[in-house]
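Containing compact mmCIF, C-alpha atoms: query00.txt.
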# COMPACT_ATOMS: atom_id res chain seq x y z
CA PRO A 1 105.35 97.18 77.71
CA GLY A 2 105.44 95.49 81.09
CA LEU A 3 106.19 91.96 82.09
CA ARG A 4 104.68 88.83 80.66
CA ILE A 5 103.95 85.57 82.43
CA HIS A 6 106.91 83.67 83.88
CA GLU A 7 109.08 86.75 83.86
CA TYR A 8 110.54 87.95 87.09
CA LEU A 9 110.44 91.36 88.65
CA TYR A 10 113.08 92.41 91.16
CA PHE A 11 113.02 94.79 94.09
CA GLN A 12 115.71 95.83 96.53
CA VAL A 13 115.26 96.43 100.24
CA LEU A 14 117.21 99.58 101.13
CA SER A 15 116.43 99.46 104.85
CA PRO A 16 116.60 97.86 107.32
CA GLY A 17 120.19 97.00 106.44
CA ASP A 18 120.15 93.37 107.61
CA ILE A 19 117.83 92.48 104.70
CA ARG A 20 119.39 94.81 102.12
CA TYR A 21 119.04 92.29 99.33
CA ILE A 22 117.55 92.06 95.86
CA PHE A 23 114.40 89.93 95.97
CA THR A 24 112.71 88.12 93.10
CA ALA A 25 108.94 88.20 92.57
CA THR A 26 106.59 87.07 89.83
CA PRO A 27 103.68 89.15 88.49
CA ALA A 28 100.10 87.89 88.58
CA LYS A 29 99.22 85.94 85.45
CA ASP A 30 95.92 87.48 84.38
CA PHE A 31 95.03 90.44 86.59
CA GLY A 32 96.55 93.61 87.95
CA GLY A 33 98.58 96.39 86.43
CA VAL A 34 102.24 96.73 85.49
CA PHE A 35 104.95 98.98 86.87
CA ASN A 36 105.10 102.01 84.59
CA THR A 37 107.10 103.92 87.19
CA ARG A 38 110.31 103.04 88.99
CA TYR A 39 110.14 103.87 92.66
CA GLU A 40 113.62 104.72 93.98
CA GLN A 41 112.39 104.77 97.58
CA ILE A 42 108.93 103.64 98.59
CA HIS A 43 107.61 102.01 101.74
CA LEU A 44 106.85 98.28 101.81
CA VAL A 45 104.18 98.13 104.50
CA PRO A 46 103.13 94.78 106.02
CA ALA A 47 99.33 94.66 106.02
CA ASP A 48 97.49 94.35 109.34
CA PRO A 49 95.92 91.83 109.39
CA PRO A 50 98.55 90.06 107.25
CA GLU A 51 96.09 88.26 104.93
CA ALA A 52 94.38 91.56 103.91
CA CYS A 53 91.03 89.98 103.17
CA GLY A 54 88.99 92.90 104.53
CA GLU A 55 89.38 96.23 106.29
CA LEU A 56 92.96 96.99 107.31
CA ASN A 57 93.99 98.35 110.70
CA ASN A 58 96.94 100.16 109.09
CA GLY A 59 95.31 101.18 105.81
CA VAL A 60 96.38 104.80 106.28
CA PHE A 61 100.04 103.70 106.01
CA ILE A 62 99.38 101.80 102.77
CA GLN A 63 98.11 104.91 100.94
CA ASP A 64 100.59 105.66 98.09
CA GLN A 65 102.91 102.84 99.24
CA ILE A 66 103.32 99.11 98.49
CA ALA A 67 101.72 96.52 100.75
CA LEU A 68 103.26 93.24 101.86
CA VAL A 69 100.45 90.71 102.26
CA GLU A 70 100.37 87.06 103.26
CA ARG A 71 98.75 84.34 101.15
CA GLY A 72 95.60 82.66 102.49
CA GLY A 73 92.08 83.50 103.62
CA CYS A 74 90.82 84.85 100.28
CA SER A 75 91.82 85.02 96.62
CA PHE A 76 94.90 86.81 95.31
CA LEU A 77 92.57 89.16 93.43
CA SER A 78 90.58 89.96 96.60
CA LYS A 79 93.81 90.90 98.42
CA THR A 80 94.90 93.07 95.50
CA ARG A 81 91.55 94.88 95.49
CA VAL A 82 91.71 95.52 99.26
CA ILE A 83 95.14 97.12 98.85
CA GLN A 84 93.95 99.11 95.83
CA GLU A 85 90.93 100.36 97.81
CA HIS A 86 93.31 101.56 100.53
CA GLY A 87 95.26 103.56 97.93
CA GLY A 88 98.23 101.21 97.61
CA ARG A 89 100.42 101.51 94.51
CA ALA A 90 101.06 97.74 94.36
CA VAL A 91 100.81 94.58 96.44
CA ILE A 92 103.43 91.92 97.10
CA ILE A 93 101.81 88.68 98.25
CA ALA A 94 104.17 86.36 100.11
CA ASP A 95 103.49 82.64 100.33
CA ASN A 96 102.22 81.57 103.75
CA ALA A 97 104.53 78.54 103.62
CA TYR A 98 107.50 80.13 105.42
CA ASP A 99 109.85 77.36 104.31
CA ASN A 100 109.09 77.95 100.60
CA ASP A 101 112.34 79.24 99.14
CA SER A 102 112.01 78.10 95.52
CA PHE A 103 108.43 77.47 94.32
CA TYR A 104 106.61 80.38 92.66
CA ILE A 105 102.83 80.11 92.63
CA GLU A 106 100.94 81.36 89.60
CA MET A 107 98.46 83.99 90.79
CA ILE A 108 95.33 83.83 88.63
CA GLN A 109 91.96 85.58 88.42
CA ASP A 110 89.21 84.26 90.70
CA SER A 111 85.71 83.51 89.37
CA SER A 112 84.25 86.86 90.46
CA ARG A 113 84.82 88.76 87.18
CA ARG A 114 86.29 91.64 89.20
CA THR A 115 89.46 93.43 88.12
CA ALA A 116 92.36 95.21 89.77
CA ASP A 117 94.51 97.98 88.35
CA ILE A 118 97.57 97.90 90.63
CA PRO A 119 100.47 95.48 90.10
CA ALA A 120 100.30 92.25 92.12
CA LEU A 121 103.48 90.24 92.70
CA PHE A 122 104.10 86.84 94.29
CA LEU A 123 107.01 86.51 96.73
CA LEU A 124 108.52 83.31 98.12
CA GLY A 125 107.38 82.49 101.65
CA ARG A 126 110.89 82.46 103.08
CA ASP A 127 111.57 85.95 101.68
CA GLY A 128 108.30 87.37 103.03
CA TYR A 129 108.93 85.80 106.44
CA MET A 130 112.48 87.19 106.66
CA ILE A 131 111.32 90.71 105.71
CA ARG A 132 108.52 90.67 108.32
CA ARG A 133 110.84 89.18 110.95
CA SER A 134 113.47 91.88 110.39
CA LEU A 135 110.86 94.64 110.68
CA GLU A 136 109.55 93.12 113.93
CA GLN A 137 113.08 92.77 115.36
CA HIS A 138 113.82 96.42 114.58
CA GLY A 139 110.38 97.63 115.68
CA LEU A 140 109.80 99.21 112.26
CA PRO A 141 106.38 99.73 110.62
CA TRP A 142 107.79 99.30 107.09
CA ALA A 143 110.83 98.65 104.94
CA VAL A 144 112.14 101.07 102.32
CA ILE A 145 112.47 99.48 98.90
CA SER A 146 113.36 100.31 95.30
CA ILE A 147 111.10 98.67 92.70
CA PRO A 148 111.44 97.49 89.98
CA VAL A 149 115.19 96.95 89.81
CA ASN A 150 116.85 96.27 86.46
CA VAL A 151 119.22 93.44 87.39
CA THR A 152 120.77 93.30 83.92
CA SER A 153 122.58 96.55 84.74
CA ILE A 154 124.07 95.21 87.99
CA PRO A 155 127.40 93.35 87.86
CA THR A 156 127.01 89.76 89.10
CA TYR A 157 129.40 90.31 92.01
CA GLU A 158 127.15 93.15 93.25
CA MET A 159 123.92 91.13 92.99
CA MET A 160 123.13 90.84 96.67
CA GLN A 161 120.49 88.16 96.81
CA PRO A 162 119.23 86.78 100.14
CA PRO A 163 121.67 84.20 101.51
CA TRP A 164 118.84 81.83 102.47
CA THR A 165 117.86 81.34 98.80
CA PHE A 166 121.08 79.39 98.29
CA TRP A 167 120.60 77.05 101.27

Do you think you could lay out the structure here as structure tokens?
Amino acid sequence: PGLRIHEYLYFQVLSPGDIRYIFTATPAKDFGGVFNTRYEQIHLVPADPPEACGELNNGVFIQDQIALVERGGCSFLSKTRVIQEHGGRAVIIADNAYDNDSFYIEMIQDSSRRTADIPALFLLGRDGYMIRRSLEQHGLPWAVISIPVNVTSIPTYEMMQPPWTFW
């Protein structure tokens, strides 16, 4: 069970409404767990600091939620472990190239021989930027999402993907 390499996982932002889209992410290649539970409504909490390479200022809000982290500063595995240590259920790591709207990076194990148990997903930089920007504009500490979303059960005309992915 679970996803294999090069498969996509989808999540939907439920609020704020201006980014109520279905987003595409890719699971880490060789570390992290899989989603055995579907979360109908769970918080997507931007990490503070965004790179999540050490202690978090908002770690209390990440407990039992999903963290949105930015690429850079340390390995993908290190970020995943920081979120796991703060009690996060999963981590979504957005590319730090804000103009990246099509290139998925393969997240692989670092050379430390450490492991992580929570799912780790890679998100396009443009998507991560637009989510963070919307939260800042609305003064919100987190988004509410549903993850994973089974897109095969959604009619194509209802598949609300972010408009910027088609630019």

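Closest approach to Arg71 of chain A among A:Pro163, A:Gly139, A:Pro49, A:Gly17: A:Pro49, based on only C-alpha atoms.
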
* To do: Kindly extract all protein, DNA and RNA residues lying within 12 Å of the coordinates (99.7, 80.0, 88.7) given in the file, considering all atoms listed in the file, and supply them as a PyMOL selection string.
  => chain A and resi 5-6+26-31+76+103-110+121-122

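Atom CA of Pro141 of chain A is positioned 19.6 Å from atom CA of Lys79 of chain A.
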
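Computed from the coordinates, the atom CA of Pro46 of chain A to atom CA of Met159 of chain A distance equals 24.8 Å.
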
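The residue that comes closest to Met130 of chain A, out of A:Asp117, A:Glu158, A:Asp48, A:Asp99 and on the basis of only C-alpha atoms, is A:Asp99.
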
Closest of A:Arg126, A:Leu9, A:Ser78, A:Ser134 to Asn96 of chain A, counting only C-alpha atoms, is A:Arg126

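The shortest atom-to-atom distance to Pro50 of chain A, with all atoms listed in the file taken into account, belongs to A:Leu68 out of A:Arg38, A:Cys74, A:Leu68, A:Gly33.
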
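The gap separating atom CA of Gly59 of chain A from atom CA of Ser146 of chain A is 20.9 Å, in Å to one decimal.
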
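Within 10 Å of the point (106.9, 102.9, 88.5) in file coordinates, and counting only C-alpha atoms, lie the residues Val34, Phe35, Asn36, Thr37, Arg38, Tyr39, Glu40, Arg89, Ala90, Pro119, Ser146, Ile147 and Pro148 of chain A.
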
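Considering the residues A:Ile19, A:Ala25, A:Ala52, A:Val82 and counting only C-alpha atoms, Arg132 of chain A has its shortest atom-to-atom contact with A:Ile19.
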
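Closest to Val13 of chain A among A:Leu56, A:Ile92, A:Leu44, A:Leu140 is A:Leu44, based on all atoms listed in the file.
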
Provide an axis-aligned box for all listed atoms of segment 96-111 of chain A, padding each side by 5 Å; report its centre and its edge lengths in Å to one decimal, as lines of an AutoDock Vina configuration file.
center_x = 99.0
center_y = 81.5
center_z = 96.9
size_x = 36.6
size_y = 18.2
size_z = 27.0

Checklist entry - Could you pull the residues within 6 Å of Gly125 of chain A, counting all atoms listed in the file, minus those fewer than 5 positions along the same chain, as a list in words? => result Ala94, Asp95, Asn96, Ala97, Tyr98 and Asn100 of chain A
